[in-house]
>>> print(open('entry-v7.cif').read())   # mmCIF, C-alpha atoms
data_model
loop_
_atom_site.group_PDB
_atom_site.id
_atom_site.type_symbol
_atom_site.label_atom_id
_atom_site.label_comp_id
_atom_site.auth_asym_id
_atom_site.auth_seq_id
_atom_site.Cartn_x
_atom_site.Cartn_y
_atom_site.Cartn_z
ATOM 1 C CA MET A 988 -19.944 29.169 -47.473
ATOM 2 C CA SER A 989 -17.098 29.987 -45.075
ATOM 3 C CA ASP A 990 -15.675 27.466 -42.597
ATOM 4 C CA GLU A 991 -17.244 29.311 -39.693
ATOM 5 C CA GLN A 992 -20.688 29.248 -41.273
ATOM 6 C CA LEU A 993 -20.322 25.550 -42.075
ATOM 7 C CA ILE A 994 -19.255 24.772 -38.508
ATOM 8 C CA ARG A 995 -22.192 26.737 -37.114
ATOM 9 C CA GLU A 996 -24.527 24.763 -39.381
ATOM 10 C CA ILE A 997 -23.041 21.437 -38.298
ATOM 11 C CA VAL A 998 -23.170 22.264 -34.588
ATOM 12 C CA SER A 999 -26.797 23.322 -34.942
ATOM 13 C CA GLY A 1000 -27.593 19.893 -36.363
ATOM 14 C CA ASN A 1001 -27.218 20.232 -40.128
ATOM 15 C CA HIS A 1002 -25.687 16.858 -40.857
ATOM 16 C CA ALA A 1003 -25.204 17.516 -44.596
ATOM 17 C CA ALA A 1004 -23.015 20.570 -43.945
ATOM 18 C CA PHE A 1005 -20.359 18.257 -42.554
ATOM 19 C CA LYS A 1006 -20.086 16.502 -45.908
ATOM 20 C CA ASN A 1007 -19.363 19.868 -47.535
ATOM 21 C CA LEU A 1008 -16.701 20.645 -44.958
ATOM 22 C CA MET A 1009 -15.141 17.227 -45.411
ATOM 23 C CA GLU A 1010 -15.099 17.436 -49.192
ATOM 24 C CA LYS A 1011 -13.359 20.786 -48.883
ATOM 25 C CA TYR A 1012 -10.542 19.428 -46.741
ATOM 26 C CA GLN A 1013 -10.318 15.687 -47.422
ATOM 27 C CA LEU A 1014 -7.537 15.916 -50.004
ATOM 28 C CA GLN A 1015 -5.362 18.041 -47.706
ATOM 29 C CA VAL A 1016 -5.878 15.659 -44.819
ATOM 30 C CA PHE A 1017 -5.329 12.599 -47.014
ATOM 31 C CA ARG A 1018 -2.059 13.973 -48.434
ATOM 32 C CA THR A 1019 -0.706 14.891 -45.021
ATOM 33 C CA VAL A 1020 -1.564 11.458 -43.657
ATOM 34 C CA LEU A 1021 0.027 9.861 -46.724
ATOM 35 C CA GLY A 1022 3.257 11.683 -45.871
ATOM 36 C CA PHE A 1023 3.290 9.806 -42.574
ATOM 37 C CA VAL A 1024 1.945 6.386 -43.533
ATOM 38 C CA HIS A 1025 2.930 6.145 -47.260
ATOM 39 C CA THR A 1026 0.192 3.683 -48.273
ATOM 40 C CA LYS A 1027 -3.175 4.580 -49.766
ATOM 41 C CA GLU A 1028 -5.155 2.075 -47.682
ATOM 42 C CA ASP A 1029 -3.698 3.249 -44.374
ATOM 43 C CA ALA A 1030 -4.072 6.900 -45.384
ATOM 44 C CA GLU A 1031 -7.766 6.354 -46.169
ATOM 45 C CA GLU A 1032 -8.330 4.558 -42.873
ATOM 46 C CA VAL A 1033 -6.655 7.314 -40.850
ATOM 47 C CA THR A 1034 -8.421 10.063 -42.851
ATOM 48 C CA GLN A 1035 -11.750 8.406 -42.088
ATOM 49 C CA ASP A 1036 -10.954 8.252 -38.358
ATOM 50 C CA ILE A 1037 -9.797 11.882 -38.392
ATOM 51 C CA PHE A 1038 -13.085 13.142 -39.834
ATOM 52 C CA VAL A 1039 -15.121 11.068 -37.385
ATOM 53 C CA ARG A 1040 -13.052 12.608 -34.552
ATOM 54 C CA VAL A 1041 -13.512 16.090 -36.038
ATOM 55 C CA TYR A 1042 -17.283 15.574 -36.205
ATOM 56 C CA GLN A 1043 -17.376 14.420 -32.593
ATOM 57 C CA SER A 1044 -15.270 17.293 -31.248
ATOM 58 C CA LEU A 1045 -16.467 20.097 -33.502
ATOM 59 C CA SER A 1046 -18.674 21.503 -30.752
ATOM 60 C CA SER A 1047 -15.552 21.999 -28.604
ATOM 61 C CA PHE A 1048 -13.729 23.974 -31.336
ATOM 62 C CA GLN A 1049 -13.051 27.368 -29.780
ATOM 63 C CA HIS A 1050 -12.353 29.389 -32.985
ATOM 64 C CA GLU A 1051 -9.098 30.603 -31.381
ATOM 65 C CA SER A 1052 -7.194 29.429 -34.440
ATOM 66 C CA GLU A 1053 -8.251 28.843 -38.031
ATOM 67 C CA PHE A 1054 -10.226 25.660 -38.624
ATOM 68 C CA SER A 1055 -7.564 24.385 -41.043
ATOM 69 C CA THR A 1056 -4.847 24.837 -38.364
ATOM 70 C CA TRP A 1057 -6.932 22.889 -35.858
ATOM 71 C CA LEU A 1058 -7.603 20.203 -38.481
ATOM 72 C CA TYR A 1059 -3.877 19.869 -39.301
ATOM 73 C CA ARG A 1060 -3.097 19.405 -35.594
ATOM 74 C CA ILE A 1061 -5.646 16.598 -35.302
ATOM 75 C CA THR A 1062 -4.310 15.066 -38.541
ATOM 76 C CA ILE A 1063 -0.711 15.047 -37.288
ATOM 77 C CA ASN A 1064 -1.595 13.662 -33.862
ATOM 78 C CA MET A 1065 -3.747 10.886 -35.244
ATOM 79 C CA SER A 1066 -1.200 9.973 -37.922
ATOM 80 C CA LEU A 1067 1.562 9.691 -35.311
ATOM 81 C CA ASN A 1068 -0.718 7.640 -33.038
ATOM 82 C CA PHE A 1069 -1.476 5.306 -35.932
ATOM 83 C CA LEU A 1070 2.245 4.872 -36.642
ATOM 84 C CA HIS A 1071 3.063 4.125 -33.011
ATOM 85 C CA ARG A 1072 0.247 1.558 -32.841
ATOM 86 C CA ASN A 1073 1.249 -0.223 -36.053
ATOM 87 C CA ARG A 1074 5.043 0.027 -35.981
ATOM 88 C CA LYS A 1075 5.691 -3.719 -36.324
ATOM 89 C CA ILE A 1076 3.190 -4.306 -39.127
ATOM 90 C CA ARG A 1077 4.495 -1.313 -41.054
ATOM 91 C CA PHE A 1078 8.054 -2.644 -41.027
ATOM 92 C CA GLN A 1079 6.853 -5.879 -42.646
ATOM 93 C CA GLN A 1080 4.790 -3.902 -45.188
ATOM 94 C CA SER A 1081 7.799 -1.794 -46.160
ATOM 95 C CA LEU A 1082 9.708 -4.964 -46.995
ATOM 96 C CA GLN A 1083 6.812 -6.353 -49.017
ATOM 97 C CA THR A 1084 6.558 -3.209 -51.163
ATOM 98 C CA ILE A 1085 9.949 -3.977 -52.696
ATOM 99 C CA PHE A 1086 8.384 -6.866 -54.577
ATOM 100 C CA SER A 1087 4.972 -5.401 -55.278
ATOM 101 C CA LEU A 1088 5.639 -1.838 -56.455
ATOM 102 C CA HIS A 1089 4.800 -0.864 -60.009
ATOM 103 C CA SER A 1090 7.274 1.532 -61.516
ATOM 104 C CA GLU A 1091 8.078 3.082 -64.863
ATOM 105 C CA GLU A 1092 11.507 1.418 -65.187
ATOM 106 C CA LYS A 1093 11.748 -1.449 -67.614
ATOM 107 C CA THR A 1094 13.968 -4.187 -66.325
ATOM 108 C CA PRO A 1095 13.273 -6.159 -63.158
ATOM 109 C CA LEU A 1096 16.634 -5.019 -61.755
ATOM 110 C CA GLU A 1097 15.745 -1.362 -62.288
ATOM 111 C CA LYS A 1098 12.349 -1.974 -60.686
ATOM 112 C CA LEU A 1099 13.982 -3.572 -57.684
ATOM 113 C CA GLU A 1100 16.536 -0.770 -57.355
ATOM 114 C CA SER A 1101 13.847 1.881 -57.601
ATOM 115 C CA ALA A 1102 11.658 0.135 -55.025
ATOM 116 C CA GLU A 1103 14.598 -0.269 -52.669
ATOM 117 C CA ARG A 1104 15.486 3.437 -53.083
ATOM 118 C CA ASP A 1105 11.876 4.428 -52.312
ATOM 119 C CA ARG A 1106 11.871 2.181 -49.255
ATOM 120 C CA ARG A 1107 15.083 3.773 -47.974
ATOM 121 C CA ILE A 1108 13.702 7.294 -48.480
ATOM 122 C CA ARG A 1109 10.457 6.395 -46.689
ATOM 123 C CA MET A 1110 12.373 4.827 -43.830
ATOM 124 C CA ALA A 1111 14.625 7.899 -43.615
ATOM 125 C CA ILE A 1112 11.576 10.205 -43.447
ATOM 126 C CA ASP A 1113 9.934 7.926 -40.872
ATOM 127 C CA SER A 1114 13.060 7.874 -38.700
ATOM 128 C CA LEU A 1115 13.221 11.678 -38.406
ATOM 129 C CA PRO A 1116 12.381 13.041 -34.943
ATOM 130 C CA ASP A 1117 8.636 13.786 -34.680
ATOM 131 C CA LYS A 1118 8.937 17.601 -34.831
ATOM 132 C CA GLN A 1119 11.273 17.507 -37.840
ATOM 133 C CA ARG A 1120 9.023 15.016 -39.590
ATOM 134 C CA MET A 1121 5.919 17.159 -38.982
ATOM 135 C CA ALA A 1122 7.612 20.257 -40.389
ATOM 136 C CA PHE A 1123 9.027 18.313 -43.337
ATOM 137 C CA ILE A 1124 5.692 16.713 -44.296
ATOM 138 C CA LEU A 1125 3.702 19.935 -43.958
ATOM 139 C CA SER A 1126 6.298 21.749 -46.022
ATOM 140 C CA ARG A 1127 6.897 19.183 -48.772
ATOM 141 C CA TYR A 1128 3.647 17.233 -49.061
ATOM 142 C CA GLU A 1129 1.289 20.102 -48.320
ATOM 143 C CA GLU A 1130 3.567 22.913 -49.470
ATOM 144 C CA LEU A 1131 2.422 25.047 -46.555
ATOM 145 C CA PRO A 1132 4.241 28.336 -45.934
ATOM 146 C CA GLN A 1133 6.464 28.469 -42.843
ATOM 147 C CA LYS A 1134 4.030 30.847 -41.140
ATOM 148 C CA LYS A 1135 1.216 28.300 -41.364
ATOM 149 C CA ILE A 1136 3.497 25.433 -40.238
ATOM 150 C CA ALA A 1137 4.524 27.563 -37.258
ATOM 151 C CA ALA A 1138 0.847 28.098 -36.372
ATOM 152 C CA VAL A 1139 0.067 24.370 -36.662
ATOM 153 C CA MET A 1140 3.079 23.371 -34.587
ATOM 154 C CA ASN A 1141 2.683 26.238 -32.144
ATOM 155 C CA ARG A 1142 6.268 27.427 -32.707
ATOM 156 C CA SER A 1143 8.011 30.466 -34.106
ATOM 157 C CA GLU A 1144 8.812 30.732 -37.804
ATOM 158 C CA GLY A 1145 12.510 30.677 -36.981
ATOM 159 C CA ALA A 1146 12.111 27.407 -35.086
ATOM 160 C CA VAL A 1147 10.279 25.874 -38.054
ATOM 161 C CA GLU A 1148 13.025 26.991 -40.413
ATOM 162 C CA GLN A 1149 15.580 25.309 -38.159
ATOM 163 C CA LEU A 1150 13.525 22.125 -38.005
ATOM 164 C CA LEU A 1151 13.294 22.026 -41.792
ATOM 165 C CA GLN A 1152 17.010 22.608 -42.156
ATOM 166 C CA ARG A 1153 17.818 19.828 -39.682
ATOM 167 C CA ALA A 1154 15.355 17.482 -41.362
ATOM 168 C CA LYS A 1155 17.049 18.095 -44.701
ATOM 169 C CA GLU A 1156 20.506 17.463 -43.239
ATOM 170 C CA ASN A 1157 19.361 14.330 -41.413
ATOM 171 C CA LEU A 1158 17.774 12.913 -44.548
ATOM 172 C CA LYS A 1159 20.904 13.579 -46.556
ATOM 173 C CA LYS A 1160 23.041 11.912 -43.876
ATOM 174 C CA LYS A 1161 20.766 8.866 -43.627
ATOM 175 C CA LEU A 1162 20.526 8.406 -47.386
ATOM 176 C CA THR A 1163 24.170 8.898 -48.301
ATOM 177 C CA THR A 1164 25.570 6.479 -45.720
ATOM 178 C CA PRO A 1165 25.407 2.956 -47.187
ATOM 179 C CA MET B 991 21.856 16.661 -55.082
ATOM 180 C CA LYS B 992 20.828 13.325 -56.571
ATOM 181 C CA THR B 993 19.324 12.307 -53.212
ATOM 182 C CA GLU B 994 17.259 15.486 -53.156
ATOM 183 C CA ILE B 995 15.930 14.672 -56.638
ATOM 184 C CA HIS B 996 14.965 11.146 -55.556
ATOM 185 C CA ILE B 997 13.144 12.522 -52.494
ATOM 186 C CA GLU B 998 11.281 15.061 -54.646
ATOM 187 C CA GLU B 999 10.393 12.322 -57.116
ATOM 188 C CA LEU B 1000 8.989 10.045 -54.401
ATOM 189 C CA ILE B 1001 6.947 12.877 -52.874
ATOM 190 C CA ARG B 1002 5.639 13.838 -56.330
ATOM 191 C CA ARG B 1003 4.508 10.250 -56.956
ATOM 192 C CA GLU B 1004 2.882 9.931 -53.537
ATOM 193 C CA LYS B 1005 1.071 13.233 -54.046
ATOM 194 C CA GLU B 1006 -0.454 11.831 -57.226
ATOM 195 C CA THR B 1007 -2.326 9.279 -55.101
ATOM 196 C CA PHE B 1008 -5.943 10.259 -54.591
ATOM 197 C CA PRO B 1009 -8.394 8.950 -52.017
ATOM 198 C CA ASN B 1010 -11.356 6.801 -52.906
ATOM 199 C CA PRO B 1011 -14.111 9.099 -54.295
ATOM 200 C CA TYR B 1012 -16.542 7.482 -51.860
ATOM 201 C CA LEU B 1013 -14.424 8.313 -48.825
ATOM 202 C CA SER B 1014 -16.747 11.115 -47.701
ATOM 203 C CA THR B 1015 -19.774 8.828 -48.132
ATOM 204 C CA ARG B 1016 -18.036 6.175 -46.020
ATOM 205 C CA VAL B 1017 -17.288 8.713 -43.298
ATOM 206 C CA MET B 1018 -20.878 9.971 -43.302
ATOM 207 C CA ALA B 1019 -22.122 6.366 -43.036
ATOM 208 C CA LYS B 1020 -19.793 5.734 -40.112
ATOM 209 C CA ILE B 1021 -20.949 8.899 -38.341
ATOM 210 C CA GLU B 1022 -24.574 7.919 -38.950
ATOM 211 C CA GLY B 1023 -23.863 4.447 -37.563
ATOM 212 C CA LEU B 1024 -22.291 5.909 -34.440
ATOM 213 C CA LYS B 1025 -25.248 8.245 -33.941
ATOM 214 C CA GLN B 1026 -27.713 5.375 -34.286
ATOM 215 C CA ALA B 1027 -25.733 3.153 -31.936
ATOM 216 C CA ARG B 1028 -25.748 5.954 -29.379
ATOM 217 C CA SER B 1029 -29.463 6.642 -29.806
ATOM 218 C CA LYS B 1030 -30.371 2.932 -29.584
ATOM 219 C CA THR B 1031 -29.618 2.794 -25.857
ATOM 220 C CA PRO B 1032 -30.960 5.922 -24.187
ATOM 221 C CA LEU B 1033 -29.300 7.124 -20.994
ATOM 222 C CA TRP B 1034 -32.255 6.261 -18.771
ATOM 223 C CA GLN B 1035 -32.035 2.628 -19.913
ATOM 224 C CA THR B 1036 -28.373 2.409 -19.058
ATOM 225 C CA ILE B 1037 -29.036 3.967 -15.636
ATOM 226 C CA ALA B 1038 -32.024 1.644 -15.024
ATOM 227 C CA LEU B 1039 -29.915 -1.410 -15.910
ATOM 228 C CA ALA B 1040 -27.099 -0.320 -13.613
ATOM 229 C CA ALA B 1041 -29.586 0.385 -10.805
ATOM 230 C CA GLY B 1042 -31.148 -3.072 -11.332
ATOM 231 C CA PHE B 1043 -27.766 -4.752 -10.970
ATOM 232 C CA ALA B 1044 -26.995 -2.711 -7.835
ATOM 233 C CA ALA B 1045 -30.392 -3.579 -6.319
ATOM 234 C CA ALA B 1046 -29.905 -7.317 -7.032
ATOM 235 C CA ILE B 1047 -26.477 -7.297 -5.398
ATOM 236 C CA PHE B 1048 -27.753 -5.335 -2.382
ATOM 237 C CA LEU B 1049 -30.716 -7.688 -1.980
ATOM 238 C CA GLY B 1050 -28.448 -10.728 -2.186
ATOM 239 C CA VAL B 1051 -26.095 -9.362 0.452
ATOM 240 C CA SER B 1052 -29.008 -8.351 2.767
ATOM 241 C CA LEU B 1053 -30.665 -11.770 2.484
ATOM 242 C CA GLY B 1054 -27.352 -13.450 3.125
ATOM 243 C CA ASN B 1055 -26.781 -11.362 6.241
ATOM 244 C CA SER B 1056 -30.316 -11.881 7.597
ATOM 245 C CA TYR B 1057 -30.028 -15.682 7.537
ATOM 246 C CA VAL B 1058 -29.844 -17.168 11.047
ATOM 247 C CA GLU B 1059 -28.771 -20.738 11.469
ATOM 248 C CA ASN B 1060 -31.301 -22.477 13.777
ATOM 249 C CA GLY B 1061 -32.059 -25.842 12.163
ATOM 250 C CA THR B 1062 -29.970 -28.122 14.408
ATOM 251 C CA PRO B 1063 -30.437 -27.896 18.195
ATOM 252 C CA ASP B 1064 -27.428 -28.412 20.389
ATOM 253 C CA ILE B 1065 -28.628 -31.815 21.639
ATOM 254 C CA VAL B 1066 -27.068 -35.139 20.965
ATOM 255 C CA LEU B 1067 -29.554 -37.876 20.227
ATOM 256 C CA ASN B 1068 -28.669 -41.222 21.658
ATOM 257 C CA ILE B 1069 -30.725 -43.800 19.886
ATOM 258 C CA ASN B 1070 -30.288 -47.485 20.062
ATOM 259 C CA ASP B 1071 -30.756 -48.576 16.494
ATOM 260 C CA ALA B 1072 -31.489 -52.140 17.547
ATOM 261 C CA GLN B 1073 -34.642 -50.972 19.341
ATOM 262 C CA MET B 1074 -35.987 -48.882 16.551
ATOM 263 C CA GLU B 1075 -37.209 -51.847 14.651
ATOM 264 C CA ASN B 1076 -37.339 -55.389 15.781
ATOM 265 C CA LEU B 1077 -35.311 -57.282 13.242
ATOM 266 C CA GLN B 1078 -36.297 -60.574 14.854
ATOM 267 C CA TYR B 1079 -39.709 -60.098 13.331
ATOM 268 C CA TYR B 1080 -38.283 -60.499 9.872
ATOM 269 C CA LEU B 1081 -36.264 -63.496 10.900
ATOM 270 C CA TYR B 1082 -39.327 -65.279 12.209
ATOM 271 C CA SER B 1083 -40.102 -68.650 10.637
ATOM 272 C CA ASN B 1084 -42.709 -71.376 11.261
ATOM 273 C CA GLU B 1085 -40.182 -74.093 11.933
#
>>> encode(input="entry-v7.cif", output="structure tokens")
Amino acid sequence: MSDEQLIREIVSGNHAAFKNLMEKYQLQVFRTVLGFVHTKEDAEEVTQDIFVRVYQSLSSFQHESEFSTWLYRITINMSLNFLHRNRKIRFQQSLQTIFSLHSEEKTPLEKLESAERDRRIRMAIDSLPDKQRMAFILSRYEELPQKKIAAVMNRSEGAVEQLLQRAKENLKKKLTTP
Amino acid sequence: MKTEIHIEELIRREKETFPNPYLSTRVMAKIEGLKQARSKTPLWQTIALAAGFAAAIFLGVSLGNSYVENGTPDIVLNINDAQMENLQYYLYSNE
């Protein structure tokens, strides 16, 4: 069943059709959210809230863009809102992960180094300007083509390419300076 | 170059994380809960409750405004307490 048919079913009151729609998109949403929040528990919480919001506002979906584009926009907005609300707690969590992360390295020193490197990369991604971070996450976590990212972000493909380039440079700069 | 590899490696590991298989069931339960909570209090009940509160407040204000103070006349009573009751009566003795 196509997205449009599923949406029509849901709006007309077929509750079960929403489960089908959600199962179709939940992994995409979850992965995108994970790119912003980096922890499974938070990603699940935000994904849950996103689908509740989608269910509530599905009747106002105008079909002007693809459903997946609309869903990505909601996902990005709600992920950023979650980050802004929980900024302080997340900083503490990022410090805790250094001592709790399981990794494939053998020695405790290697584990610690690896965890610290991961923390620095996450912090570098998180400190990118919002637009750069959106483009970066959609491109690297979701592997979306630039055309789709441009549609989600409501920008031209050229602008997205620039954002991705700047994100790459910024990350390199942040991670090479000690 | 090495930094790029580390970033790729972290993203690869994060992408290997999968959501709880019961996530969709949890979402459906939450939606159902919200629907039930909404249907528990119909609109007319909410309106009736609000109207009841408004009526009680209006009635209270009206009653308060309609009260006229007339209990105490503007007269000063001059009473000699000593004449109200003859205390000598109680002091009376047979001696």
>>> residues_around(input="entry-v7.cif", residues="Leu1013 in chain B", least_positions_apart="6", cutoff="9 Å", atoms="all atoms listed in the file", output="number ranges by chain")
A: 1013, 1031, 1034-1035
>>> interface_residues(input="entry-v7.cif", of="chain A", to="chain B", cutoff="9 Å", atoms="only C-alpha atoms", output="PyMOL selection string")
chain A and resi 1002-1003+1005-1006+1009-1010+1013-1014+1017-1018+1021-1022+1025-1028+1030-1031+1034-1036+1038-1039+1042-1043+1104-1105+1108-1109+1127-1129+1155+1158-1159+1162-1163
>>> write_last_selection(input="entry-v7.cif", atoms="C-alpha atoms", output="compact mmCIF listing (two decimals), in the coordinates of the input")
# COMPACT_ATOMS: atom_id res chain seq x y z
CA HIS A 1002 -25.69 16.86 -40.86
CA ALA A 1003 -25.20 17.52 -44.60
CA PHE A 1005 -20.36 18.26 -42.55
CA LYS A 1006 -20.09 16.50 -45.91
CA MET A 1009 -15.14 17.23 -45.41
CA GLU A 1010 -15.10 17.44 -49.19
CA GLN A 1013 -10.32 15.69 -47.42
CA LEU A 1014 -7.54 15.92 -50.00
CA PHE A 1017 -5.33 12.60 -47.01
CA ARG A 1018 -2.06 13.97 -48.43
CA LEU A 1021 0.03 9.86 -46.72
CA GLY A 1022 3.26 11.68 -45.87
CA HIS A 1025 2.93 6.14 -47.26
CA THR A 1026 0.19 3.68 -48.27
CA LYS A 1027 -3.18 4.58 -49.77
CA GLU A 1028 -5.16 2.08 -47.68
CA ALA A 1030 -4.07 6.90 -45.38
CA GLU A 1031 -7.77 6.35 -46.17
CA THR A 1034 -8.42 10.06 -42.85
CA GLN A 1035 -11.75 8.41 -42.09
CA ASP A 1036 -10.95 8.25 -38.36
CA PHE A 1038 -13.08 13.14 -39.83
CA VAL A 1039 -15.12 11.07 -37.38
CA TYR A 1042 -17.28 15.57 -36.20
CA GLN A 1043 -17.38 14.42 -32.59
CA ARG A 1104 15.49 3.44 -53.08
CA ASP A 1105 11.88 4.43 -52.31
CA ILE A 1108 13.70 7.29 -48.48
CA ARG A 1109 10.46 6.40 -46.69
CA ARG A 1127 6.90 19.18 -48.77
CA TYR A 1128 3.65 17.23 -49.06
CA GLU A 1129 1.29 20.10 -48.32
CA LYS A 1155 17.05 18.10 -44.70
CA LEU A 1158 17.77 12.91 -44.55
CA LYS A 1159 20.90 13.58 -46.56
CA LEU A 1162 20.53 8.41 -47.39
CA THR A 1163 24.17 8.90 -48.30
>>> resolve_selection(input="entry-v7.cif", expression="the PyMOL selection byres ((chain A and resi 1121) around 12)", output="JSON list (two decimals) with C-alpha atoms, in the frame of the given file")
[["chain", "number", "residue", "atom", "x", "y", "z"],
["A", 1019, "THR", "CA", -0.71, 14.89, -45.02],
["A", 1020, "VAL", "CA", -1.56, 11.46, -43.66],
["A", 1022, "GLY", "CA", 3.26, 11.68, -45.87],
["A", 1023, "PHE", "CA", 3.29, 9.81, -42.57],
["A", 1059, "TYR", "CA", -3.88, 19.87, -39.30],
["A", 1060, "ARG", "CA", -3.10, 19.40, -35.59],
["A", 1062, "THR", "CA", -4.31, 15.07, -38.54],
["A", 1063, "ILE", "CA", -0.71, 15.05, -37.29],
["A", 1064, "ASN", "CA", -1.60, 13.66, -33.86],
["A", 1066, "SER", "CA", -1.20, 9.97, -37.92],
["A", 1067, "LEU", "CA", 1.56, 9.69, -35.31],
["A", 1112, "ILE", "CA", 11.58, 10.20, -43.45],
["A", 1113, "ASP", "CA", 9.93, 7.93, -40.87],
["A", 1114, "SER", "CA", 13.06, 7.87, -38.70],
["A", 1115, "LEU", "CA", 13.22, 11.68, -38.41],
["A", 1116, "PRO", "CA", 12.38, 13.04, -34.94],
["A", 1117, "ASP", "CA", 8.64, 13.79, -34.68],
["A", 1118, "LYS", "CA", 8.94, 17.60, -34.83],
["A", 1119, "GLN", "CA", 11.27, 17.51, -37.84],
["A", 1120, "ARG", "CA", 9.02, 15.02, -39.59],
["A", 1122, "ALA", "CA", 7.61, 20.26, -40.39],
["A", 1123, "PHE", "CA", 9.03, 18.31, -43.34],
["A", 1124, "ILE", "CA", 5.69, 16.71, -44.30],
["A", 1125, "LEU", "CA", 3.70, 19.93, -43.96],
["A", 1126, "SER", "CA", 6.30, 21.75, -46.02],
["A", 1127, "ARG", "CA", 6.90, 19.18, -48.77],
["A", 1128, "TYR", "CA", 3.65, 17.23, -49.06],
["A", 1129, "GLU", "CA", 1.29, 20.10, -48.32],
["A", 1131, "LEU", "CA", 2.42, 25.05, -46.56],
["A", 1133, "GLN", "CA", 6.46, 28.47, -42.84],
["A", 1136, "ILE", "CA", 3.50, 25.43, -40.24],
["A", 1137, "ALA", "CA", 4.52, 27.56, -37.26],
["A", 1139, "VAL", "CA", 0.07, 24.37, -36.66],
["A", 1140, "MET", "CA", 3.08, 23.37, -34.59],
["A", 1141, "ASN", "CA", 2.68, 26.24, -32.14],
["A", 1147, "VAL", "CA", 10.28, 25.87, -38.05],
["A", 1150, "LEU", "CA", 13.52, 22.12, -38.01],
["A", 1151, "LEU", "CA", 13.29, 22.03, -41.79],
["A", 1154, "ALA", "CA", 15.36, 17.48, -41.36]]
>>> atom_distance(input="entry-v7.cif", atom1="CA of Asp1029 in chain A", atom2="CA of Phe1069 in chain A")
9.0 Å
>>> closest_residue(input="entry-v7.cif", among="A:Ile997, A:Arg1040, A:Leu1099, A:Lys1135", to="Glu1053 in chain A", atoms="only C-alpha atoms")
A:Lys1135
>>> atom_distance(input="entry-v7.cif", atom1="CA of Trp1034 in chain B", atom2="CA of Ala1046 in chain B")
18.1 Å
